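Student: Sharing model_39.txt (compact mmCIF, C-alpha atoms) below.
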```
# COMPACT_ATOMS: atom_id res chain seq x y z
CA MET A 1 -12.20 -9.15 18.42
CA GLU A 2 -8.50 -8.22 18.39
CA ALA A 3 -7.80 -4.64 19.40
CA ALA A 4 -6.34 -2.36 16.77
CA ARG A 5 -2.58 -2.06 16.88
CA THR A 6 -1.07 1.25 17.95
CA PRO A 7 0.70 2.73 14.91
CA SER A 8 4.43 3.25 15.23
CA ILE A 9 4.09 6.73 13.76
CA SER A 10 1.44 9.27 12.86
CA ILE A 11 2.16 11.77 10.10
CA VAL A 12 0.15 14.98 10.37
CA MET A 13 -0.01 17.02 7.17
CA PRO A 14 -1.95 20.31 6.97
CA VAL A 15 -3.12 21.21 3.48
CA TYR A 16 -4.24 24.54 2.11
CA ASN A 17 -4.70 24.95 -1.65
CA ALA A 18 -1.90 22.49 -2.37
CA ARG A 19 -3.61 20.34 -4.99
CA THR A 20 -0.72 20.77 -7.44
CA TYR A 21 1.75 19.17 -5.01
CA LEU A 22 -0.45 16.48 -3.45
CA PRO A 23 -0.12 13.65 -6.03
CA PHE A 24 3.66 13.66 -5.53
CA THR A 25 3.48 14.22 -1.75
CA MET A 26 0.94 11.47 -1.10
CA LYS A 27 2.98 8.95 -3.08
CA ASN A 28 6.14 10.04 -1.31
CA ILE A 29 4.60 9.45 2.12
CA VAL A 30 2.41 6.41 1.56
CA VAL A 31 4.44 4.47 -1.02
CA ASP A 32 8.02 5.69 -0.55
CA GLN A 33 7.87 5.49 3.26
CA PHE A 34 5.49 2.70 4.17
CA ALA A 35 5.41 0.19 1.31
CA ALA A 36 7.35 -2.32 3.43
CA MET A 37 5.29 -1.72 6.60
CA HIS A 38 1.93 -3.21 7.59
CA PRO A 39 -0.89 -0.65 7.20
CA GLU A 40 -1.57 -0.85 10.95
CA GLN A 41 1.97 0.30 11.72
CA TRP A 42 1.49 3.82 10.37
CA GLU A 43 -1.12 6.49 9.80
CA LEU A 44 -1.31 9.66 7.75
CA ILE A 45 -3.72 12.35 8.91
CA VAL A 46 -4.37 15.03 6.31
CA VAL A 47 -6.05 18.16 7.64
CA ASP A 48 -7.62 20.20 4.84
CA ASP A 49 -7.59 23.74 6.24
CA GLY A 50 -10.48 25.13 4.20
CA SER A 51 -8.88 24.69 0.78
CA THR A 52 -10.77 26.15 -2.17
CA ASP A 53 -8.88 24.38 -4.97
CA GLY A 54 -10.28 20.89 -4.48
CA SER A 55 -7.29 19.57 -2.56
CA HIS A 56 -9.49 16.96 -0.87
CA LEU A 57 -10.11 15.31 -4.24
CA GLU A 58 -6.45 14.27 -4.35
CA ILE A 59 -6.66 12.75 -0.86
CA GLU A 60 -9.93 10.81 -1.06
CA PRO A 61 -8.63 8.01 -3.35
CA TRP A 62 -5.85 7.31 -0.84
CA VAL A 63 -8.39 7.18 2.01
CA GLU A 64 -10.38 4.61 0.05
CA ARG A 65 -7.27 2.58 -0.69
CA TYR A 66 -5.94 2.68 2.90
CA PRO A 67 -9.08 3.18 5.02
CA GLY A 68 -7.42 2.42 8.35
CA SER A 69 -4.21 4.29 7.69
CA VAL A 70 -5.02 7.43 5.70
CA SER A 71 -7.65 9.83 7.00
CA LEU A 72 -8.88 13.21 5.81
CA LEU A 73 -10.16 15.86 8.20
CA ARG A 74 -11.77 18.88 6.59
CA VAL A 75 -11.98 22.00 8.75
CA GLU A 76 -12.69 25.66 8.16
CA ASN A 77 -9.67 27.82 7.44
CA ARG A 78 -8.03 28.80 10.73
CA GLY A 79 -4.35 28.58 9.86
CA VAL A 80 -1.61 25.98 9.88
CA SER A 81 -1.15 25.92 13.67
CA THR A 82 -4.78 25.06 14.34
CA ALA A 83 -4.76 22.48 11.53
CA ARG A 84 -1.73 20.76 13.05
CA ASN A 85 -3.34 20.79 16.49
CA VAL A 86 -6.43 19.13 15.03
CA GLY A 87 -4.25 16.44 13.51
CA LEU A 88 -2.32 15.93 16.74
CA ALA A 89 -5.57 15.46 18.67
CA ALA A 90 -6.59 12.73 16.22
CA ALA A 91 -3.19 10.97 16.15
CA ARG A 92 -2.80 7.50 17.69
CA GLY A 93 0.85 6.69 16.94
CA GLU A 94 3.66 6.13 19.40
CA TYR A 95 5.50 8.88 17.53
CA VAL A 96 4.16 11.85 15.59
CA MET A 97 5.67 13.95 12.83
CA PHE A 98 4.38 17.12 11.18
CA ILE A 99 5.15 17.55 7.50
CA ASP A 100 4.30 20.20 4.92
CA SER A 101 2.36 19.38 1.78
CA ASP A 102 5.27 20.08 -0.59
CA ASP A 103 8.25 18.55 1.22
CA ILE A 104 9.95 15.30 0.22
CA LEU A 105 11.39 12.53 2.39
CA LEU A 106 14.05 10.23 1.00
CA ARG A 107 12.60 6.78 0.37
CA ASP A 108 12.31 4.62 3.50
CA SER A 109 13.60 7.42 5.74
CA LEU A 110 10.98 6.90 8.41
CA GLY A 111 11.16 3.13 8.36
CA GLN A 112 14.92 3.20 8.85
CA LEU A 113 14.76 5.86 11.58
CA LEU A 114 12.08 4.02 13.53
CA GLY A 115 13.89 0.69 13.17
CA LEU A 116 17.27 2.01 14.26
CA THR A 117 15.88 3.85 17.30
CA ALA A 118 13.24 1.31 18.40
CA ALA A 119 15.30 -0.17 21.24
CA ALA A 120 16.29 3.22 22.70
CA LYS A 121 12.77 4.73 22.52
CA PRO A 122 14.00 8.35 22.52
CA ASP A 123 11.67 11.24 23.27
CA VAL A 124 12.71 13.01 20.07
CA ILE A 125 14.32 11.92 16.80
CA LYS A 126 16.14 14.69 14.91
CA PHE A 127 17.45 14.55 11.36
CA MET A 128 18.76 17.08 8.88
CA PHE A 129 17.39 18.57 5.67
CA ARG A 130 18.50 20.05 2.37
CA GLN A 131 16.72 22.94 0.70
CA ILE A 132 15.86 22.44 -2.97
CA SER A 133 14.67 24.75 -5.74
CA PRO A 134 11.34 24.43 -7.56
CA GLU A 135 13.27 23.11 -10.56
CA GLU A 136 14.94 20.37 -8.53
CA TYR A 137 11.60 19.56 -6.93
CA SER A 138 10.12 18.90 -10.38
CA GLU A 139 13.06 16.75 -11.42
CA LEU A 140 12.75 14.56 -8.31
CA SER A 141 9.02 13.92 -8.71
CA GLY A 142 9.62 10.71 -10.64
CA ASN A 143 12.55 9.29 -8.70
CA VAL A 144 13.19 10.07 -5.04
CA PRO A 145 16.56 8.76 -3.78
CA ALA A 146 16.57 6.18 -1.00
CA ALA A 147 17.88 6.81 2.49
CA ARG A 148 20.84 4.69 3.55
CA LEU A 149 21.22 4.71 7.31
CA THR A 150 23.13 2.42 9.65
CA ALA A 151 23.31 2.25 13.43
CA GLU A 152 26.54 4.28 13.27
CA ASP A 153 24.59 7.18 11.75
CA ILE A 154 22.40 7.55 14.84
CA GLU A 155 23.68 9.13 18.04
CA LEU A 156 21.68 8.80 21.24
CA MET A 157 22.20 11.47 23.90
CA SER A 158 20.48 13.45 26.60
CA CYS A 159 18.65 16.61 25.61
CA LYS A 160 21.27 18.74 27.37
CA GLU A 161 24.06 16.95 25.49
CA TYR A 162 22.24 17.44 22.18
CA LEU A 163 21.77 21.17 22.80
CA ALA A 164 25.44 21.49 23.74
CA LYS A 165 26.54 19.56 20.66
CA THR A 166 24.46 21.72 18.31
CA HIS A 167 24.96 24.97 20.28
CA GLY A 168 21.27 25.23 20.96
CA MET A 169 20.35 23.95 17.48
CA SER A 170 22.04 27.00 15.96
CA LEU A 171 25.05 25.51 14.17
CA PRO A 172 25.09 25.58 10.35
CA MET A 173 22.47 23.26 8.87
CA ILE A 174 20.87 22.61 12.26
CA HIS A 175 17.26 23.71 12.34
CA THR A 176 14.39 23.65 14.81
CA SER A 177 11.46 23.04 12.46
CA THR A 178 8.95 20.36 13.33
CA TRP A 179 9.18 18.90 9.82
CA GLN A 180 12.63 17.56 10.69
CA THR A 181 11.64 16.35 14.13
CA ILE A 182 9.79 13.22 15.24
CA PHE A 183 8.22 13.53 18.69
CA ARG A 184 7.06 10.85 21.06
CA ARG A 185 3.36 11.65 20.96
CA ARG A 186 2.79 11.30 24.70
CA LEU A 187 5.56 13.84 25.29
CA LEU A 188 3.32 16.41 23.60
CA THR A 189 -0.08 15.32 24.84
CA ASP A 190 0.95 14.67 28.45
CA ASN A 191 2.51 18.14 28.68
CA GLY A 192 -0.31 19.95 26.90
CA LEU A 193 1.99 21.01 24.05
CA GLY A 194 0.87 22.14 20.63
CA PHE A 195 1.21 24.90 18.05
CA ASP A 196 0.43 28.50 19.01
CA PRO A 197 -2.39 29.80 16.75
CA ALA A 198 -1.35 33.36 17.56
CA LEU A 199 1.87 32.86 15.59
CA THR A 200 1.71 32.87 11.80
CA SER A 201 5.50 32.88 11.42
CA GLY A 202 7.93 30.60 13.25
CA GLU A 203 5.14 28.57 14.85
CA ASP A 204 6.97 25.30 14.25
CA GLU A 205 10.20 26.58 15.80
CA ALA A 206 8.26 27.77 18.86
CA MET A 207 6.63 24.35 19.10
CA THR A 208 10.01 22.59 19.08
CA TRP A 209 11.41 24.84 21.80
CA SER A 210 8.26 24.49 23.92
CA ALA A 211 8.92 20.74 24.09
CA ILE A 212 12.58 21.03 25.14
CA PRO A 213 12.01 21.27 28.93
CA ALA A 214 10.17 17.92 28.83
CA VAL A 215 12.69 16.06 26.63
CA ASN A 216 15.07 13.56 28.23
CA THR A 217 16.64 11.68 25.31
CA VAL A 218 17.32 12.62 21.70
CA ALA A 219 18.31 10.40 18.78
CA TYR A 220 20.18 12.53 16.24
CA THR A 221 21.52 11.91 12.76
CA PRO A 222 23.27 14.46 10.55
CA ALA A 223 21.83 12.73 7.48
CA ALA A 224 19.73 15.05 5.28
CA LEU A 225 16.58 12.95 5.00
CA LEU A 226 14.11 15.69 4.08
CA LEU A 227 14.23 17.86 0.98
CA TYR A 228 12.72 21.20 1.92
CA HIS A 229 10.89 22.99 -0.84
CA GLN A 230 9.86 26.61 -0.26
CA ARG A 231 7.21 27.78 -2.67
CA ARG A 232 7.69 31.06 -4.47
CA GLY A 233 5.61 33.88 -3.04
CA SER A 234 5.89 32.69 0.55
CA ILE A 235 5.13 35.20 3.32
CA SER A 236 8.82 34.93 4.25
CA HIS A 237 9.59 37.07 1.20
CA PRO A 238 7.16 40.00 1.34
CA THR A 239 7.22 42.43 -1.54
CA GLN A 240 4.41 44.88 -0.74
CA ARG A 241 4.48 47.52 1.96
CA GLU A 242 1.48 46.24 3.89
CA ARG A 243 2.92 42.73 3.83
CA ILE A 244 6.25 44.07 5.07
CA GLU A 245 4.54 45.70 8.05
CA ARG A 246 2.60 42.56 8.89
CA TYR A 247 5.70 40.41 8.53
CA GLN A 248 7.80 42.63 10.81
CA PHE A 249 5.09 42.54 13.47
CA GLU A 250 5.05 38.75 13.22
CA ARG A 251 8.82 38.71 13.67
CA ILE A 252 8.48 40.80 16.82
CA LYS A 253 5.71 38.60 18.22
CA PHE A 254 7.83 35.54 17.46
CA ALA A 255 10.92 37.07 19.12
CA GLY A 256 8.98 37.79 22.30
CA THR A 257 7.48 34.30 22.33
CA MET A 258 10.87 32.66 21.87
CA ILE A 259 12.47 34.63 24.70
CA GLU A 260 9.74 33.42 27.05
CA LEU A 261 10.27 29.82 25.89
CA LEU A 262 14.01 30.15 26.45
CA ASN A 263 13.28 31.32 29.98
CA ARG A 264 11.47 28.00 30.52
CA VAL A 265 14.45 26.10 29.10
CA GLU A 266 16.70 27.98 31.53
CA ARG A 267 14.48 27.03 34.48
CA ALA A 268 14.59 23.39 33.35
CA GLY A 269 18.41 23.48 33.29
CA GLN A 270 18.58 22.03 29.77
CA MET A 271 21.23 24.37 28.37
CA GLU A 272 24.55 25.90 29.41
CA PRO A 273 24.19 29.58 30.46
CA GLN A 274 26.50 30.95 27.75
CA THR A 275 24.78 29.00 24.98
CA LEU A 276 21.41 30.12 26.28
CA ALA A 277 22.57 33.74 26.31
CA ASP A 278 23.80 33.43 22.71
CA ILE A 279 20.50 31.96 21.51
CA ARG A 280 18.46 34.54 23.40
CA ARG A 281 20.55 37.29 21.79
CA ASN A 282 19.74 35.89 18.33
CA TYR A 283 16.02 36.26 18.97
CA GLN A 284 16.52 39.74 20.43
CA PHE A 285 18.29 40.66 17.20
CA GLY A 286 15.17 39.57 15.35
CA TYR A 287 13.26 42.28 17.18
CA TYR A 288 15.94 44.90 16.52
CA GLN A 289 16.03 44.02 12.83
CA ALA A 290 12.26 44.26 12.56
CA ALA A 291 12.18 47.58 14.39
CA ILE A 292 14.94 49.16 12.32
CA THR A 293 13.23 47.97 9.12
CA LEU A 294 10.08 49.85 10.10
CA ILE A 295 12.11 52.94 11.00
CA VAL A 296 14.28 53.08 7.90
CA MET A 297 11.39 52.36 5.54
CA GLY A 298 9.56 55.39 6.88
CA PHE A 299 6.62 53.78 8.63
CA PRO A 300 4.62 56.18 10.88
CA MET A 301 5.85 56.65 14.42
CA ARG A 302 2.62 55.15 15.75
CA THR A 303 3.44 51.94 13.86
CA ILE A 304 6.92 51.77 15.34
CA TYR A 305 5.53 52.46 18.79
CA ARG A 306 3.01 49.64 18.40
CA ALA A 307 5.87 47.33 17.44
CA MET A 308 7.86 48.23 20.54
CA LYS A 309 4.82 47.90 22.78
CA LEU A 310 4.01 44.48 21.29
CA TYR A 311 7.54 43.23 21.96
CA ARG A 312 7.40 44.44 25.55
CA SER A 313 4.00 42.79 26.06
CA TYR A 314 5.66 39.45 25.26
CA GLY A 315 8.29 40.01 27.93
CA GLY A 316 10.97 41.52 25.69
CA ASP A 317 13.04 44.43 26.96
CA VAL A 318 13.06 47.38 24.56
CA HIS A 319 16.22 49.47 24.31
CA PRO A 320 17.23 52.73 22.69
CA GLY A 321 18.93 52.57 19.31
CA ARG A 322 22.60 52.89 20.02
CA PRO A 323 24.48 50.66 20.10
CA ARG A 324 21.98 47.85 19.52
CA PHE A 325 20.42 49.11 16.30
CA THR A 326 23.72 50.14 14.76
CA PRO A 327 24.71 46.77 13.18
CA PHE A 328 21.48 46.62 11.20
CA TYR A 329 21.90 49.62 8.92
CA ASP A 330 24.55 51.65 7.16
CA SER A 331 24.21 55.24 8.41
CA SER A 332 26.17 56.52 5.41
CA GLN A 333 23.24 55.45 3.20
CA MET A 334 20.70 57.45 5.23
CA ASN A 335 19.59 60.98 4.62
CA ARG A 336 19.18 63.41 7.52
CA ARG A 337 15.44 62.89 7.76
CA THR A 338 15.84 59.13 8.15
CA LYS A 339 18.55 59.58 10.77
CA LEU A 340 16.25 61.91 12.72
CA ARG A 341 13.41 59.39 12.50
CA ARG A 342 15.68 56.68 13.83
CA PHE A 343 16.80 58.89 16.70
CA ILE A 344 13.24 59.82 17.71
CA ALA A 345 11.88 56.30 17.29
CA SER A 346 14.64 54.53 19.15
CA TYR A 347 14.89 56.91 22.10
CA LEU A 348 11.60 58.72 22.63
CA LEU A 349 9.40 55.72 21.83
CA THR A 350 11.52 53.52 24.07
CA ILE A 351 10.77 55.83 26.98
CA LEU A 352 7.04 55.83 26.20
CA THR A 353 6.99 52.06 25.88
CA ARG A 354 8.75 51.52 29.19
CA LEU A 355 6.31 53.86 30.88
CA GLY A 356 3.50 51.74 29.46
CA LEU A 357 1.79 54.67 27.76
```
Just give me the structure of the file as structure tokens.

Tutor:
Amino acid sequence: MEAARTPSISIVMPVYNARTYLPFTMKNIVVDQFAAMHPEQWELIVVDDGSTDGSHLEIEPWVERYPGSVSLLRVENRGVSTARNVGLAAARGEYVMFIDSDDILLRDSLGQLLGLTAAAKPDVIKFMFRQISPEEYSELSGNVPAARLTAEDIELMSCKEYLAKTHGMSLPMIHTSTWQTIFRRRLLTDNGLGFDPALTSGEDEAMTWSAIPAVNTVAYTPAALLLYHQRRGSISHPTQRERIERYQFERIKFAGTMIELLNRVERAGQMEPQTLADIRRNYQFGYYQAAITLIVMGFPMRTIYRAMKLYRSYGGDVHPGRPRFTPFYDSSQMNRRTKLRRFIASYLLTILTRLGL
């Protein structure tokens, strides 16, 4: 009996209460991307992360229609990072991509990317994205534009050259999300890489940076092949006080994690020192912004202290307020009580944190 062919690509898609979006998303992946490819050349792994809205009912007909290519894994709710790790463990493709359940790829994007980079076999394939509104998302549901790539649109370079070209993936419209990145699967599995379940914000960015020390070659195109749709009500836009506190703590945890990952990139020699310093400073600013938000919004001193201690536990270096906090607030808009709180929090709590109390 002939052995099953290794798929060219595995798509891993975590799903949590996304039934409304799934009819469009499934068609966009299965039909818009792979209609011209043999079913053995691709696979879609949907990981239902404990949905309660019947999301699996939208997936099951596709599993029946493409039994060797579309699979559904139903797990208890443990978050998007764990769901993606489950999908990665099940993946068989030469390459793997992680996509969200409400994003859109231009028609034939993946087929063109894989075809144009097949000879080079890069470790990573990077492409760009364009953010769209819910209204534009609805308008596109019946007619997704086709990608139009040529060999001239793809640039092959070393990882160090790519990071230099994009200033550490920080130039306008450059982004580090995994949904705009295609990884060679063995790059991840051979190096024990995956998503950090401890992060509920920025986990995909951390995943991308964790892979950088192991990457040799990158195929990059500035073409916007993915249309990124951010649902209203996302945790990135908290409106309630308790959500604000949780979100700021997640930002601090993320900042500390990223600084440690950048230290690994530095040891691997993948980035110029000045670029690395600039990127590290950006993540440090994330901590300062989170800390000053807690201070100015009047959170208890014990909350601010916990934030500082958390950042330090991740390897971050806490500092007193001036001059580092100064760019993140307008002192003329503060009353005396808020100014006093900032002074106490940024100086006294810094001392306590550094003493490890």

Student: Do you know which residues are at most 10 Å from Leu193 in chain A counting only C-alpha atoms, after dropping those on the same chain fewer than 3 positions away, and could you put them as an MDAnalysis selection string?

Tutor: chainID A and resid 85 88 185:190 196 207:208 210:211 214

Student: From the set A:Val80, A:Ile99, A:Leu113, A:Val296, which residue has the shortest atom-to-atom contact distance to Thr200 in chain A, counting all atoms listed in the file?

Tutor: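 Smallest distance to Thr200 in chain A is found for A:Val80.
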
Student: Mind giving me the straight-line distance from CA of Pro122 in chain A to CA of Tyr162 in chain A in Å, one decimal?

Tutor: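 Computing the Euclidean distance for CA of Pro122 in chain A and CA of Tyr162 in chain A yields 12.3 Å.
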
Student: Find, counting only C-alpha atoms, the residue in A:Ser138, A:Ser8, A:Gln112, A:Gln131 that gets nearest to Thr20 in chain A.

Tutor: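 Closest candidate: A:Ser138.
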
Student: Taking only C-alpha atoms into account, name the residue in A:Ile132, A:Val15, A:Val124, A:Leu262 that is nearest to Val75 in chain A.

Tutor: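 Ranking A:Ile132, A:Val15, A:Val124, A:Leu262 by distance to Val75 in chain A, first place goes to A:Val15.
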
Student: Please identify all polymer residues lying at most 12 Å from the point (13.3, 20.6, 24.9) (file coordinates), using all atoms listed in the file, and present the result as a PyMOL selection string.

Tutor: chain A and resi 123-126+158-163+168-169+176+181+183+187-188+191+193+205-218+261-271

Student: Report the distance between CA of Arg148 in chain A and CA of His229 in chain A in Å, rounded to one decimal place.

Tutor: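 A separation of 21.3 Å between them.
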
Student: Using all atoms listed in the file, which of A:Asn28, A:Ser109, A:Ser201, A:Ser177 sits nearest Ser81 in chain A?

Tutor: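 Comparing A:Asn28, A:Ser109, A:Ser201, A:Ser177 against Ser81 in chain A, the winner is A:Ser201.
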
Student: Find, counting all atoms listed in the file, the residue in A:Ser69, A:Val47, A:Leu116, A:Ile59 that gets nearest to Ala89 in chain A.

Tutor: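 That would be A:Val47, the residue with the smallest distance to Ala89 in chain A.
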
Student: Using CA of Leu199 in chain A and CA of Ile279 in chain A as the two end points, give the distance in Å to one decimal.

Tutor: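 Pair CA of Leu199 in chain A / CA of Ile279 in chain A returns 19.6 Å.
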
Student: Using all atoms listed in the file, can you tell me which of A:Met128, A:Ala90, A:Met258, A:Leu227 comes closest to Leu140 in chain A?

Tutor: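 Going through A:Met128, A:Ala90, A:Met258, A:Leu227 one by one, the smallest distance to Leu140 in chain A is for A:Leu227.
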
Student: Could you pull the residues within 9 Å of Phe24 in chain A, counting only C-alpha atoms, minus those fewer than 5 positions along the same chain, as a PyMOL selection string?

Tutor: chain A and resi 29+102+104+141-142

Student: Those selected residues, please, written with C-alpha atoms and delivered as a compact mmCIF listing (two decimals), in the coordinates of the input.

Tutor:
```
# COMPACT_ATOMS: atom_id res chain seq x y z
CA ILE A 29 4.60 9.45 2.12
CA ASP A 102 5.27 20.08 -0.59
CA ILE A 104 9.95 15.30 0.22
CA SER A 141 9.02 13.92 -8.71
CA GLY A 142 9.62 10.71 -10.64
```

Student: If we draw a sphere of 9 Å around (3.3, 6.3, 17.5), which residues have at least one atom in it when counting all atoms listed in the file? Please report them as a VMD selection string.

Tutor: chain A and resid 6 to 10 41 to 43 91 to 96 183 to 186

Student: List the neighbours of Pro14 in chain A out to 7 Å using all atoms listed in the file; skip same-chain residues closer than 5 positions along the sequence, and give me the result as a PyMOL selection string.

Tutor: chain A and resi 46-49+80+83-84+100-101

Student: For the selection just defined, write its residues with C-alpha atoms to a file, as a tab-separated table (two decimals), keeping the file's coordinate frame.

Tutor:
```
chain	number	residue	atom	x	y	z
A	46	VAL	CA	-4.37	15.03	6.31
A	47	VAL	CA	-6.05	18.16	7.64
A	48	ASP	CA	-7.62	20.20	4.84
A	49	ASP	CA	-7.59	23.74	6.24
A	80	VAL	CA	-1.61	25.98	9.88
A	83	ALA	CA	-4.76	22.48	11.53
A	84	ARG	CA	-1.73	20.76	13.05
A	100	ASP	CA	4.30	20.20	4.92
A	101	SER	CA	2.36	19.38	1.78
```

Student: Any idea what's packed within 8 Å of Tyr314 in chain A, counting all atoms listed in the file, ignoring anything in its chain fewer than 4 positions away? Could you give it as a short mmCIF file (atom, residue, chain, number, x, y, z; two decimals) with C-alpha atoms, in the frame of the given file?

Tutor:
```cif
data_model
loop_
_atom_site.label_atom_id
_atom_site.label_comp_id
_atom_site.auth_asym_id
_atom_site.auth_seq_id
_atom_site.Cartn_x
_atom_site.Cartn_y
_atom_site.Cartn_z
CA LYS A 253 5.71 38.60 18.22
CA GLY A 256 8.98 37.79 22.30
CA THR A 257 7.48 34.30 22.33
CA GLU A 260 9.74 33.42 27.05
CA LEU A 310 4.01 44.48 21.29
#
```

Student: Quick one: what's the axis-aligned box for range 154-160 of chain A, all listed atoms, 6 Å on every side, centre and edges in Å to one decimal, as JSON?

Tutor:
```
{"center_x": 21.2, "center_y": 13.1, "center_z": 21.1, "size_x": 17.0, "size_y": 23.2, "size_z": 24.5}
```

Student: Starting from the block above, write range 78-95 of chain A out to a file with N, CA, C and O atoms, as a PDB file, in the first residue's frame, please.

Tutor:
```
ATOM      1  N   ARG A  78      -8.918  25.605  27.325  1.00  0.00           N
ATOM      2  CA  ARG A  78      -7.668  25.923  28.029  1.00  0.00           C
ATOM      3  C   ARG A  78      -6.936  27.103  27.390  1.00  0.00           C
ATOM      4  O   ARG A  78      -5.798  27.385  27.723  1.00  0.00           O
ATOM      5  N   GLY A  79      -7.601  27.784  26.462  1.00  0.00           N
ATOM      6  CA  GLY A  79      -6.999  28.972  25.884  1.00  0.00           C
ATOM      7  C   GLY A  79      -6.393  28.719  24.519  1.00  0.00           C
ATOM      8  O   GLY A  79      -6.097  27.583  24.124  1.00  0.00           O
ATOM      9  N   VAL A  80      -6.189  29.827  23.794  1.00  0.00           N
ATOM     10  CA  VAL A  80      -5.754  29.736  22.404  1.00  0.00           C
ATOM     11  C   VAL A  80      -4.354  29.149  22.271  1.00  0.00           C
ATOM     12  O   VAL A  80      -4.070  28.414  21.314  1.00  0.00           O
ATOM     13  N   SER A  81      -3.455  29.431  23.221  1.00  0.00           N
ATOM     14  CA  SER A  81      -2.089  28.913  23.115  1.00  0.00           C
ATOM     15  C   SER A  81      -2.072  27.393  23.185  1.00  0.00           C
ATOM     16  O   SER A  81      -1.419  26.718  22.375  1.00  0.00           O
ATOM     17  N   THR A  82      -2.790  26.838  24.150  1.00  0.00           N
ATOM     18  CA  THR A  82      -2.852  25.383  24.276  1.00  0.00           C
ATOM     19  C   THR A  82      -3.517  24.760  23.056  1.00  0.00           C
ATOM     20  O   THR A  82      -3.084  23.722  22.555  1.00  0.00           O
ATOM     21  N   ALA A  83      -4.585  25.398  22.561  1.00  0.00           N
ATOM     22  CA  ALA A  83      -5.267  24.878  21.371  1.00  0.00           C
ATOM     23  C   ALA A  83      -4.319  24.837  20.175  1.00  0.00           C
ATOM     24  O   ALA A  83      -4.300  23.858  19.412  1.00  0.00           O
ATOM     25  N   ARG A  84      -3.530  25.873  19.993  1.00  0.00           N
ATOM     26  CA  ARG A  84      -2.582  25.884  18.879  1.00  0.00           C
ATOM     27  C   ARG A  84      -1.512  24.818  19.058  1.00  0.00           C
ATOM     28  O   ARG A  84      -1.090  24.172  18.084  1.00  0.00           O
ATOM     29  N   ASN A  85      -1.056  24.621  20.294  1.00  0.00           N
ATOM     30  CA  ASN A  85      -0.058  23.585  20.551  1.00  0.00           C
ATOM     31  C   ASN A  85      -0.609  22.197  20.248  1.00  0.00           C
ATOM     32  O   ASN A  85       0.109  21.324  19.742  1.00  0.00           O
ATOM     33  N   VAL A  86      -1.881  21.977  20.561  1.00  0.00           N
ATOM     34  CA  VAL A  86      -2.522  20.700  20.237  1.00  0.00           C
ATOM     35  C   VAL A  86      -2.543  20.497  18.727  1.00  0.00           C
ATOM     36  O   VAL A  86      -2.237  19.407  18.218  1.00  0.00           O
ATOM     37  N   GLY A  87      -2.884  21.539  17.999  1.00  0.00           N
ATOM     38  CA  GLY A  87      -2.896  21.451  16.544  1.00  0.00           C
ATOM     39  C   GLY A  87      -1.513  21.218  15.966  1.00  0.00           C
ATOM     40  O   GLY A  87      -1.344  20.427  15.026  1.00  0.00           O
ATOM     41  N   LEU A  88      -0.508  21.891  16.514  1.00  0.00           N
ATOM     42  CA  LEU A  88       0.862  21.715  16.043  1.00  0.00           C
ATOM     43  C   LEU A  88       1.321  20.274  16.249  1.00  0.00           C
ATOM     44  O   LEU A  88       1.982  19.689  15.387  1.00  0.00           O
ATOM     45  N   ALA A  89       0.972  19.698  17.392  1.00  0.00           N
ATOM     46  CA  ALA A  89       1.372  18.311  17.672  1.00  0.00           C
ATOM     47  C   ALA A  89       0.752  17.331  16.680  1.00  0.00           C
ATOM     48  O   ALA A  89       1.338  16.277  16.387  1.00  0.00           O
ATOM     49  N   ALA A  90      -0.428  17.678  16.166  1.00  0.00           N
ATOM     50  CA  ALA A  90      -1.111  16.793  15.222  1.00  0.00           C
ATOM     51  C   ALA A  90      -0.713  17.044  13.773  1.00  0.00           C
ATOM     52  O   ALA A  90      -1.021  16.229  12.895  1.00  0.00           O
ATOM     53  N   ALA A  91      -0.039  18.154  13.498  1.00  0.00           N
ATOM     54  CA  ALA A  91       0.270  18.551  12.121  1.00  0.00           C
ATOM     55  C   ALA A  91       1.289  17.613  11.482  1.00  0.00           C
ATOM     56  O   ALA A  91       2.196  17.100  12.142  1.00  0.00           O
ATOM     57  N   ARG A  92       1.152  17.410  10.154  1.00  0.00           N
ATOM     58  CA  ARG A  92       2.048  16.532   9.404  1.00  0.00           C
ATOM     59  C   ARG A  92       2.746  17.259   8.255  1.00  0.00           C
ATOM     60  O   ARG A  92       3.611  16.691   7.594  1.00  0.00           O
ATOM     61  N   GLY A  93       2.362  18.504   7.981  1.00  0.00           N
ATOM     62  CA  GLY A  93       2.844  19.204   6.805  1.00  0.00           C
ATOM     63  C   GLY A  93       4.303  19.608   6.870  1.00  0.00           C
ATOM     64  O   GLY A  93       4.896  19.706   7.951  1.00  0.00           O
ATOM     65  N   GLU A  94       4.886  19.856   5.685  1.00  0.00           N
ATOM     66  CA  GLU A  94       6.247  20.379   5.643  1.00  0.00           C
ATOM     67  C   GLU A  94       6.287  21.771   6.261  1.00  0.00           C
ATOM     68  O   GLU A  94       7.241  22.128   6.950  1.00  0.00           O
ATOM     69  N   TYR A  95       5.221  22.545   6.009  1.00  0.00           N
ATOM     70  CA  TYR A  95       5.090  23.869   6.612  1.00  0.00           C
ATOM     71  C   TYR A  95       3.822  23.895   7.466  1.00  0.00           C
ATOM     72  O   TYR A  95       2.904  23.089   7.268  1.00  0.00           O
TER      73      TYR A  95
END
```
